[in-house]
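Chemist: File follows, structure_35.pdb with PDB, C-alpha atoms, pLDDT in the B column:
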ATOM      1  CA  GLY A  77       0.000   0.000   0.000  1.00 77.00           C
ATOM      2  CA  ASN A  78       0.871   3.670   0.101  1.00 82.00           C
ATOM      3  CA  SER A  79       2.287   5.249   3.246  1.00 89.00           C
ATOM      4  CA  VAL A  80       4.459   8.050   4.589  1.00 94.00           C
ATOM      5  CA  THR A  81       6.668   7.695   7.667  1.00 95.00           C
ATOM      6  CA  GLN A  82       8.176  10.703   9.432  1.00 95.00           C
ATOM      7  CA  MET A  83      10.554  10.879  12.339  1.00 88.00           C
ATOM      8  CA  GLU A  84       8.922  11.292  15.714  1.00 85.00           C
ATOM      9  CA  GLY A  85       9.049  14.684  17.320  1.00 86.00           C
ATOM     10  CA  PRO A  86       9.386  16.989  18.961  1.00 95.00           C
ATOM     11  CA  VAL A  87      12.686  18.188  17.580  1.00 96.00           C
ATOM     12  CA  THR A  88      14.299  20.936  19.648  1.00 97.00           C
ATOM     13  CA  LEU A  89      17.185  22.942  18.194  1.00 97.00           C
ATOM     14  CA  SER A  90      19.067  26.099  18.990  1.00 97.00           C
ATOM     15  CA  GLU A  91      18.876  28.985  16.563  1.00 97.00           C
ATOM     16  CA  GLU A  92      21.268  28.619  13.593  1.00 97.00           C
ATOM     17  CA  ALA A  93      21.504  24.839  14.023  1.00 98.00           C
ATOM     18  CA  PHE A  94      21.208  22.441  11.071  1.00 98.00           C
ATOM     19  CA  LEU A  95      17.848  20.766  10.633  1.00 97.00           C
ATOM     20  CA  THR A  96      16.996  17.368   9.189  1.00 97.00           C
ATOM     21  CA  ILE A  97      13.531  15.838   9.383  1.00 97.00           C
ATOM     22  CA  ASN A  98      13.418  12.362   7.900  1.00 97.00           C
ATOM     23  CA  CYS A  99      10.621  11.172   5.637  1.00 97.00           C
ATOM     24  CA  THR A 100      10.338   7.846   3.850  1.00 97.00           C
ATOM     25  CA  TYR A 101       7.505   6.578   1.729  1.00 94.00           C
ATOM     26  CA  THR A 102       6.040   3.495   0.121  1.00 92.00           C
ATOM     27  CA  ALA A 103       4.006   3.867  -3.026  1.00 87.00           C
ATOM     28  CA  THR A 104       3.218   2.138  -6.248  1.00 80.00           C
ATOM     29  CA  GLY A 105       4.023   4.042  -9.389  1.00 77.00           C
ATOM     30  CA  TYR A 106       5.709   7.431  -9.291  1.00 83.00           C
ATOM     31  CA  PRO A 107       4.232   9.707  -6.649  1.00 90.00           C
ATOM     32  CA  SER A 108       4.756  13.420  -6.202  1.00 93.00           C
ATOM     33  CA  LEU A 109       6.222  14.364  -2.823  1.00 95.00           C
ATOM     34  CA  PHE A 110       5.506  17.405  -0.669  1.00 96.00           C
ATOM     35  CA  TRP A 111       6.449  19.105   2.567  1.00 98.00           C
ATOM     36  CA  TYR A 112       3.850  21.231   4.305  1.00 98.00           C
ATOM     37  CA  VAL A 113       4.270  23.472   7.346  1.00 98.00           C
ATOM     38  CA  GLN A 114       1.632  24.324   9.937  1.00 97.00           C
ATOM     39  CA  TYR A 115       2.098  27.295  12.232  1.00 96.00           C
ATOM     40  CA  PRO A 116       0.056  27.485  15.449  1.00 91.00           C
ATOM     41  CA  GLY A 117      -3.595  28.236  14.821  1.00 90.00           C
ATOM     42  CA  GLU A 118      -3.278  28.029  11.038  1.00 92.00           C
ATOM     43  CA  GLY A 119      -3.905  25.576   8.236  1.00 94.00           C
ATOM     44  CA  LEU A 120      -1.172  23.666   6.446  1.00 96.00           C
ATOM     45  CA  GLN A 121       0.873  25.563   3.857  1.00 96.00           C
ATOM     46  CA  LEU A 122       2.852  24.051   1.041  1.00 96.00           C
ATOM     47  CA  LEU A 123       6.561  24.474   1.759  1.00 98.00           C
ATOM     48  CA  LEU A 124       8.089  22.656  -1.213  1.00 98.00           C
ATOM     49  CA  LYS A 125       7.470  19.824  -3.635  1.00 96.00           C
ATOM     50  CA  ALA A 126       9.156  17.437  -6.067  1.00 96.00           C
ATOM     51  CA  THR A 127       7.389  15.565  -8.816  1.00 93.00           C
ATOM     52  CA  LYS A 128       9.999  13.125 -10.084  1.00 91.00           C
ATOM     53  CA  ALA A 129      13.096  11.257  -9.000  1.00 92.00           C
ATOM     54  CA  ASP A 130      16.199  13.387  -8.271  1.00 95.00           C
ATOM     55  CA  ASP A 131      14.162  16.599  -8.251  1.00 96.00           C
ATOM     56  CA  LYS A 132      15.097  19.004  -5.467  1.00 97.00           C
ATOM     57  CA  GLY A 133      12.388  21.181  -3.992  1.00 97.00           C
ATOM     58  CA  SER A 134      13.435  24.341  -2.180  1.00 97.00           C
ATOM     59  CA  ASN A 135      11.809  27.307  -0.490  1.00 97.00           C
ATOM     60  CA  LYS A 136      12.706  29.735   2.311  1.00 95.00           C
ATOM     61  CA  GLY A 137      16.053  28.004   2.867  1.00 97.00           C
ATOM     62  CA  PHE A 138      14.475  24.552   3.162  1.00 98.00           C
ATOM     63  CA  GLU A 139      15.409  21.795   0.723  1.00 98.00           C
ATOM     64  CA  ALA A 140      14.397  18.203   0.045  1.00 98.00           C
ATOM     65  CA  THR A 141      15.528  15.810  -2.681  1.00 98.00           C
ATOM     66  CA  TYR A 142      13.321  13.057  -4.133  1.00 97.00           C
ATOM     67  CA  ARG A 143      15.405   9.885  -3.716  1.00 96.00           C
ATOM     68  CA  LYS A 144      13.717   6.965  -5.427  1.00 92.00           C
ATOM     69  CA  GLU A 145      16.489   4.493  -4.586  1.00 93.00           C
ATOM     70  CA  THR A 146      15.991   5.062  -0.861  1.00 95.00           C
ATOM     71  CA  THR A 147      12.301   6.101  -1.110  1.00 95.00           C
ATOM     72  CA  SER A 148      13.086   9.189   0.921  1.00 96.00           C
ATOM     73  CA  PHE A 149      12.357  12.921   0.899  1.00 97.00           C
ATOM     74  CA  HIS A 150      14.200  14.315   3.896  1.00 98.00           C
ATOM     75  CA  LEU A 151      13.727  17.987   4.782  1.00 98.00           C
ATOM     76  CA  GLU A 152      16.852  20.043   5.524  1.00 98.00           C
ATOM     77  CA  LYS A 153      17.729  23.597   6.435  1.00 98.00           C
ATOM     78  CA  GLY A 154      21.206  24.869   7.083  1.00 97.00           C
ATOM     79  CA  SER A 155      20.401  27.427   9.782  1.00 96.00           C
ATOM     80  CA  VAL A 156      17.038  27.440  11.561  1.00 97.00           C
ATOM     81  CA  GLN A 157      15.393  30.470  13.091  1.00 97.00           C
ATOM     82  CA  VAL A 158      12.942  30.814  15.951  1.00 97.00           C
ATOM     83  CA  SER A 159      10.287  31.656  13.361  1.00 96.00           C
ATOM     84  CA  ASP A 160      10.687  28.151  11.859  1.00 97.00           C
ATOM     85  CA  SER A 161       9.041  26.640  14.944  1.00 97.00           C
ATOM     86  CA  ALA A 162       6.039  24.768  13.572  1.00 97.00           C
ATOM     87  CA  VAL A 163       4.785  21.308  12.664  1.00 97.00           C
ATOM     88  CA  TYR A 164       6.109  19.852   9.414  1.00 98.00           C
ATOM     89  CA  PHE A 165       4.193  17.260   7.373  1.00 97.00           C
ATOM     90  CA  CYS A 166       5.556  15.073   4.621  1.00 97.00           C
ATOM     91  CA  ALA A 167       3.008  13.964   2.019  1.00 95.00           C
ATOM     92  CA  LEU A 168       2.703  12.074  -1.226  1.00 93.00           C
ATOM     93  CA  SER A 169       0.186  12.031  -4.016  1.00 91.00           C
ATOM     94  CA  ARG A 170      -0.317   9.373  -6.575  1.00 80.00           C
ATOM     95  CA  ALA A 171      -2.531  10.316  -9.465  1.00 64.00           C
ATOM     96  CA  SER A 172      -2.110   7.207 -11.587  1.00 63.00           C
ATOM     97  CA  GLY A 173      -4.728   4.555 -11.080  1.00 58.00           C
ATOM     98  CA  THR A 174      -6.722   5.249  -7.941  1.00 59.00           C
ATOM     99  CA  TYR A 175      -5.913   8.710  -6.686  1.00 69.00           C
ATOM    100  CA  LYS A 176      -4.217   8.830  -3.257  1.00 71.00           C
ATOM    101  CA  TYR A 177      -2.991  11.729  -1.175  1.00 83.00           C
ATOM    102  CA  ILE A 178      -1.340  10.698   2.077  1.00 90.00           C
ATOM    103  CA  PHE A 179       0.084  12.811   4.893  1.00 92.00           C
ATOM    104  CA  GLY A 180       2.627  11.760   7.481  1.00 93.00           C
ATOM    105  CA  THR A 181       1.876  12.236  11.157  1.00 93.00           C
ATOM    106  CA  GLY A 182       3.804  15.502  11.403  1.00 95.00           C
ATOM    107  CA  THR A 183       7.006  16.478  13.225  1.00 96.00           C
ATOM    108  CA  ARG A 184       6.974  19.336  15.679  1.00 96.00           C
ATOM    109  CA  LEU A 185      10.025  21.604  15.536  1.00 97.00           C
ATOM    110  CA  LYS A 186      10.895  23.997  18.327  1.00 97.00           C
ATOM    111  CA  VAL A 187      13.743  26.428  17.833  1.00 97.00           C
ATOM    112  CA  LEU A 188      15.208  28.138  20.892  1.00 97.00           C
ATOM    113  CA  ALA A 189      16.799  31.580  20.808  1.00 95.00           C
TER     114      ALA A 189
ATOM    115  CA  ASP B1051      -6.382  35.422  -4.603  1.00 65.00           C
ATOM    116  CA  ALA B1052      -8.453  35.094  -1.434  1.00 83.00           C
ATOM    117  CA  GLY B1053      -7.377  31.552  -0.750  1.00 95.00           C
ATOM    118  CA  VAL B1054      -9.658  28.883   0.655  1.00 97.00           C
ATOM    119  CA  ILE B1055     -12.354  30.442   2.834  1.00 97.00           C
ATOM    120  CA  GLN B1056     -13.966  28.595   5.717  1.00 98.00           C
ATOM    121  CA  SER B1057     -16.752  29.622   8.034  1.00 97.00           C
ATOM    122  CA  PRO B1058     -17.299  29.838  10.851  1.00 97.00           C
ATOM    123  CA  ARG B1059     -13.801  30.020  12.330  1.00 97.00           C
ATOM    124  CA  HIS B1060     -15.035  28.885  15.707  1.00 97.00           C
ATOM    125  CA  GLU B1061     -18.165  26.972  16.638  1.00 97.00           C
ATOM    126  CA  VAL B1062     -19.301  25.979  20.091  1.00 98.00           C
ATOM    127  CA  THR B1063     -22.418  23.861  20.304  1.00 97.00           C
ATOM    128  CA  GLU B1064     -24.159  21.466  22.616  1.00 97.00           C
ATOM    129  CA  MET B1065     -24.289  17.739  22.122  1.00 97.00           C
ATOM    130  CA  GLY B1066     -27.151  16.715  19.866  1.00 97.00           C
ATOM    131  CA  GLN B1067     -27.219  19.920  17.846  1.00 98.00           C
ATOM    132  CA  GLU B1068     -26.678  20.097  14.118  1.00 97.00           C
ATOM    133  CA  VAL B1069     -23.447  21.720  12.939  1.00 98.00           C
ATOM    134  CA  THR B1070     -22.742  22.959   9.417  1.00 98.00           C
ATOM    135  CA  LEU B1071     -19.276  23.930   8.295  1.00 98.00           C
ATOM    136  CA  ARG B1072     -18.775  25.833   5.064  1.00 98.00           C
ATOM    137  CA  CYS B1073     -15.989  26.071   2.532  1.00 98.00           C
ATOM    138  CA  LYS B1074     -15.306  28.135  -0.563  1.00 98.00           C
ATOM    139  CA  PRO B1075     -12.398  26.691  -2.576  1.00 98.00           C
ATOM    140  CA  ILE B1076      -9.978  28.698  -4.657  1.00 97.00           C
ATOM    141  CA  SER B1077     -11.586  29.713  -7.925  1.00 96.00           C
ATOM    142  CA  GLY B1078     -10.696  27.313 -10.720  1.00 95.00           C
ATOM    143  CA  HIS B1079      -9.732  24.459  -8.418  1.00 95.00           C
ATOM    144  CA  ASN B1080     -11.681  21.296  -9.137  1.00 91.00           C
ATOM    145  CA  SER B1081     -10.645  19.071  -6.214  1.00 93.00           C
ATOM    146  CA  LEU B1082     -11.868  19.733  -2.688  1.00 95.00           C
ATOM    147  CA  PHE B1083     -10.949  17.950   0.521  1.00 95.00           C
ATOM    148  CA  TRP B1084     -12.318  17.913   4.067  1.00 97.00           C
ATOM    149  CA  TYR B1085      -9.946  16.986   6.903  1.00 96.00           C
ATOM    150  CA  ARG B1086     -10.252  16.674  10.652  1.00 97.00           C
ATOM    151  CA  GLN B1087      -7.316  17.309  12.980  1.00 96.00           C
ATOM    152  CA  THR B1088      -7.035  16.302  16.629  1.00 94.00           C
ATOM    153  CA  MET B1089      -4.124  15.742  18.961  1.00 90.00           C
ATOM    154  CA  MET B1090      -5.004  12.066  19.347  1.00 89.00           C
ATOM    155  CA  ARG B1091      -5.592  11.106  15.721  1.00 89.00           C
ATOM    156  CA  GLY B1092      -3.647  13.764  13.842  1.00 90.00           C
ATOM    157  CA  LEU B1093      -4.824  14.815  10.381  1.00 92.00           C
ATOM    158  CA  GLU B1094      -7.538  12.604   8.892  1.00 92.00           C
ATOM    159  CA  LEU B1095      -9.019  12.847   5.409  1.00 93.00           C
ATOM    160  CA  LEU B1096     -12.798  12.689   5.680  1.00 95.00           C
ATOM    161  CA  ILE B1097     -13.900  13.046   2.066  1.00 95.00           C
ATOM    162  CA  TYR B1098     -12.765  14.461  -1.222  1.00 91.00           C
ATOM    163  CA  PHE B1099     -14.591  15.708  -4.290  1.00 94.00           C
ATOM    164  CA  ASN B1100     -13.437  16.013  -7.860  1.00 91.00           C
ATOM    165  CA  ASN B1101     -15.507  18.205 -10.184  1.00 93.00           C
ATOM    166  CA  ASN B1102     -18.165  18.393  -7.449  1.00 94.00           C
ATOM    167  CA  VAL B1103     -18.538  14.603  -7.295  1.00 94.00           C
ATOM    168  CA  PRO B1104     -17.612  12.717  -4.096  1.00 93.00           C
ATOM    169  CA  ILE B1105     -14.790  10.358  -5.017  1.00 90.00           C
ATOM    170  CA  ASP B1106     -13.737   8.894  -1.679  1.00 89.00           C
ATOM    171  CA  ASP B1107     -15.773   9.191   1.509  1.00 91.00           C
ATOM    172  CA  SER B1108     -14.192   6.250   3.290  1.00 90.00           C
ATOM    173  CA  GLY B1109     -12.864   8.568   5.989  1.00 91.00           C
ATOM    174  CA  MET B1110     -16.284   9.825   7.056  1.00 94.00           C
ATOM    175  CA  PRO B1111     -16.614   8.519  10.608  1.00 88.00           C
ATOM    176  CA  GLU B1112     -20.255   7.505  10.540  1.00 85.00           C
ATOM    177  CA  ASP B1113     -23.688   8.373   9.227  1.00 91.00           C
ATOM    178  CA  ARG B1114     -23.852  11.444  11.426  1.00 96.00           C
ATOM    179  CA  PHE B1115     -21.417  13.099   9.002  1.00 97.00           C
ATOM    180  CA  SER B1116     -22.422  14.209   5.532  1.00 97.00           C
ATOM    181  CA  ALA B1117     -20.813  16.442   2.927  1.00 98.00           C
ATOM    182  CA  LYS B1118     -22.112  18.124  -0.187  1.00 97.00           C
ATOM    183  CA  MET B1119     -20.694  20.158  -3.004  1.00 97.00           C
ATOM    184  CA  PRO B1120     -23.635  21.664  -4.919  1.00 96.00           C
ATOM    185  CA  ASN B1121     -21.368  23.721  -7.175  1.00 95.00           C
ATOM    186  CA  ALA B1122     -17.713  24.408  -7.877  1.00 94.00           C
ATOM    187  CA  SER B1123     -17.500  27.269  -5.394  1.00 95.00           C
ATOM    188  CA  PHE B1124     -19.157  25.874  -2.289  1.00 96.00           C
ATOM    189  CA  SER B1125     -19.102  22.837  -0.035  1.00 98.00           C
ATOM    190  CA  THR B1126     -20.597  21.956   3.323  1.00 98.00           C
ATOM    191  CA  LEU B1127     -19.776  19.419   5.992  1.00 98.00           C
ATOM    192  CA  LYS B1128     -22.667  18.637   8.292  1.00 98.00           C
ATOM    193  CA  ILE B1129     -22.705  16.783  11.598  1.00 97.00           C
ATOM    194  CA  GLN B1130     -26.106  15.738  12.916  1.00 97.00           C
ATOM    195  CA  PRO B1131     -26.346  15.065  15.790  1.00 96.00           C
ATOM    196  CA  SER B1132     -23.048  16.334  17.114  1.00 97.00           C
ATOM    197  CA  GLU B1133     -21.186  14.586  19.945  1.00 97.00           C
ATOM    198  CA  PRO B1134     -18.318  15.734  22.215  1.00 97.00           C
ATOM    199  CA  ARG B1135     -15.902  13.395  20.411  1.00 96.00           C
ATOM    200  CA  ASP B1136     -16.462  15.421  17.249  1.00 97.00           C
ATOM    201  CA  SER B1137     -14.559  18.306  18.810  1.00 97.00           C
ATOM    202  CA  ALA B1138     -11.633  19.043  16.501  1.00 97.00           C
ATOM    203  CA  VAL B1139     -10.314  21.483  13.929  1.00 97.00           C
ATOM    204  CA  TYR B1140     -11.887  20.870  10.529  1.00 98.00           C
ATOM    205  CA  PHE B1141      -9.941  21.945   7.473  1.00 98.00           C
ATOM    206  CA  CYS B1142     -11.045  22.368   3.914  1.00 97.00           C
ATOM    207  CA  ALA B1143      -8.448  22.257   1.137  1.00 96.00           C
ATOM    208  CA  SER B1144      -8.551  22.565  -2.627  1.00 96.00           C
ATOM    209  CA  SER B1145      -6.236  21.774  -5.503  1.00 93.00           C
ATOM    210  CA  SER B1146      -6.162  22.596  -9.186  1.00 91.00           C
ATOM    211  CA  LYS B1147      -6.162  18.932 -10.188  1.00 82.00           C
ATOM    212  CA  GLN B1148      -5.799  15.476  -8.700  1.00 78.00           C
ATOM    213  CA  GLY B1149      -2.238  14.908  -7.556  1.00 80.00           C
ATOM    214  CA  ALA B1150      -1.321  18.587  -7.300  1.00 87.00           C
ATOM    215  CA  GLU B1151      -0.488  20.426  -4.106  1.00 91.00           C
ATOM    216  CA  GLN B1152      -3.346  21.316  -1.798  1.00 94.00           C
ATOM    217  CA  TYR B1153      -4.202  24.745  -0.436  1.00 96.00           C
ATOM    218  CA  PHE B1154      -5.697  24.715   3.028  1.00 96.00           C
ATOM    219  CA  GLY B1155      -8.167  27.058   4.623  1.00 97.00           C
ATOM    220  CA  PRO B1156      -7.670  28.452   8.128  1.00 96.00           C
ATOM    221  CA  GLY B1157      -9.891  25.782   9.659  1.00 97.00           C
ATOM    222  CA  THR B1158     -12.991  25.720  11.841  1.00 98.00           C
ATOM    223  CA  ARG B1159     -12.427  24.903  15.487  1.00 97.00           C
ATOM    224  CA  LEU B1160     -15.458  22.936  16.657  1.00 98.00           C
ATOM    225  CA  THR B1161     -16.196  22.391  20.325  1.00 98.00           C
ATOM    226  CA  VAL B1162     -19.124  20.182  21.280  1.00 98.00           C
ATOM    227  CA  THR B1163     -20.072  20.345  24.957  1.00 97.00           C
TER     228      THR B1163
END
Is it possible to give me this structure as C-alpha cells?

Modeler:
Amino acid sequence: GNSVTQMEGPVTLSEEAFLTINCTYTATGYPSLFWYVQYPGEGLQLLLKATKADDKGSNKGFEATYRKETTSFHLEKGSVQVSDSAVYFCALSRASGTYKYIFGTGTRLKVLA
Amino acid sequence: DAGVIQSPRHEVTEMGQEVTLRCKPISGHNSLFWYRQTMMRGLELLIYFNNNVPIDDSGMPEDRFSAKMPNASFSTLKIQPSEPRDSAVYFCASSSKQGAEQYFGPGTRLTVT
C-alpha cells in the first residue's frame, strides 16, 4: 500500500543549528512528494514539492531531494530560526490509477533563541 | 487570490445539535478535501470531491457526518447530531487537479459540549 513515515518529534534545536527531518515513503508508481508546514492556529501551507526522482524542492532556505532508490524525501535547512518553529508534514500524491494523497503524522520543531 | 475560505472560524455547540461547516475553494480548483485534525488522531481525510462529485468518503466517521458540493465554489460538511468526540479542527483544502499540491483554509475549530 501507500504510506508516509516521518521521524517522531518533537525536535528541539538552537537557533542557527542544522535541521533534518526524515521522511520515507512506500508507493506504487511514481508519486509526487511534498512538505507542508503548519504554524500554530493556522492551516497547512505548502513548503516545497518534487514531482519526479532526483528533483530538489526548495523554499525559504528549506530543501528536500526526491530519492527513489531510498524512497526518501528528507527535509533540511542549514540554519534554523525561531520563526521556523512549527509542525512539518511530509506527504505524497499518486494520481495514476486510484488517486491517493497521504500525509505523514507531522514532526513538531521547536527552535530556541 | 483570497485563498480557501472557511466559516465559521469557531463553533461551540451542545451535544445533539446540528453543525454545518462551510468552505469556498480557490476559484478554478476542481478538487476539494475535508480533513479533521485532533491531537489524538492527527490529520484525517474525511472526504474528497473532484468536479463536485464525491470520489472517496471512506474517511467519514459515521452516518452522522455528511458532505455536499452543490457547485464548484461551495461545499458543506454537516454533523447531525453532534457529539463531544467530534470536537476538533476541521480543514477544507482545494487543488487545481488530482495529484497537485493542496491549499488549506484556516480551519474551523469545533467544540461540542

Chemist: Nearest residue to Met83 in chain A out of A:Ser169, A:Ser148, A:Ser159, A:Thr102, using all atoms listed in the file?

Modeler: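 Result for the nearest residue to Met83 in chain A: A:Ser148.
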
Chemist: When the PyMOL selection byres ((chain B) within 6 of (chain A)) is applied to the file above, which residues end up in the set, as a short mmCIF file (atom, residue, chain, number, x, y, z; two decimals) with C-alpha atoms, in the frame of the given file?

Modeler:
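Saved result, out33.cif, follows:
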data_model
loop_
_atom_site.label_atom_id
_atom_site.label_comp_id
_atom_site.auth_asym_id
_atom_site.auth_seq_id
_atom_site.Cartn_x
_atom_site.Cartn_y
_atom_site.Cartn_z
CA GLY B 1149 -2.24 14.91 -7.56
CA PHE B 1154 -5.70 24.72 3.03
CA GLY B 1155 -8.17 27.06 4.62
CA PRO B 1156 -7.67 28.45 8.13
#

Chemist: Find the residue from B:Pro1111, B:Pro1058, B:Gly1053, B:Gly1092 that sits nearest to Ser1077 in chain B; use only C-alpha atoms when measuring.

Modeler: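 For Ser1077 in chain B, the nearest of the candidates is B:Gly1053.
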
Chemist: Given the file shown, determine the residues that the PyMOL selection byres ((chain A and resi 185) around 10) selects; report them as a list of chain:residue names.

Modeler: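 For this structure, the PyMOL selection byres ((chain A and resi 185) around 10) captures A:Gly85, A:Pro86, A:Val87, A:Thr88, A:Leu89, A:Leu95, A:Ile97, A:Val156, A:Val158, A:Asp160, A:Ser161, A:Ala162, A:Val163, A:Tyr164, A:Gly182, A:Thr183, A:Arg184, A:Lys186, A:Val187, A:Leu188.
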
Chemist: Could you work out how far CA of Ser1081 in chain B lies from CA of Arg1114 in chain B, giving the answer in Å with one decimal?

Modeler: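 Between CA of Arg1114 in chain B and CA of Ser1081 in chain B the gap is 23.3 Å.
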
Chemist: Calculate how many Å separate CA of Gln1130 in chain B from CA of Trp1084 in chain B, rounding to one decimal.

Modeler: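 It comes out at 16.5 Å.
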
Chemist: Counting all atoms listed in the file, which of B:Ser1108, B:Thr1161, B:Gln1067, B:Asn1080 gets nearest to Phe1124 in chain B?

Modeler: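 Checking each of B:Ser1108, B:Thr1161, B:Gln1067, B:Asn1080 against Phe1124 in chain B, counting all atoms listed in the file, the winner is B:Asn1080.
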
Chemist: Have a look at CA of Thr1163 in chain B and CA of Arg1135 in chain B and let me know their distance in Å, one decimal.

Modeler: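 Computing it gives 9.3 Å between the two atoms.
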
Chemist: Any chance you could work out the residue set of the PyMOL selection byres ((chain A and resi 139) around 8) here, as a PyMOL selection string?

Modeler: chain A and resi 124+132-135+137-138+140-141+151-153

Chemist: For range 177-183 of chain A, take all atoms listed in the file, fit an axis-aligned box around them, add 4 Å to each of the six sides, then output centre and edge lengths in Å rounded to one decimal, as JSON.

Modeler:
{"center_x": 2.0, "center_y": 13.6, "center_z": 6.0, "size_x": 18.0, "size_y": 13.8, "size_z": 22.4}

Chemist: Have a look at B:Asn1102, B:Gln1152, B:Gly1066, B:Tyr1085 and name the one nearest to Ser1123 in chain B; count only C-alpha atoms.

Modeler: B:Asn1102

Chemist: Skipping near chain neighbours, those fewer than 6 positions away, what residues fall within 8 Å of Ser155 in chain A using all atoms listed in the file, listed as a VMD selection string?

Modeler: chain A and resid 91 to 95

Chemist: Excluding same-chain residues fewer than 3 positions from Tyr142 in chain A, what lies within 6 Å of it counting only C-alpha atoms, as a list in words?

Modeler: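 Using only C-alpha atoms, the neighbours found are Ala129, Asp130, Asp131 and Phe149 of chain A.
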
Chemist: Counting all atoms listed in the file, which of B:Ala1138, B:Ser1145, B:Ala1150, B:Gly1157 gets nearest to Gln1087 in chain B?

Modeler: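 The shortest atom-to-atom distance to Gln1087 in chain B comes from B:Ala1138.
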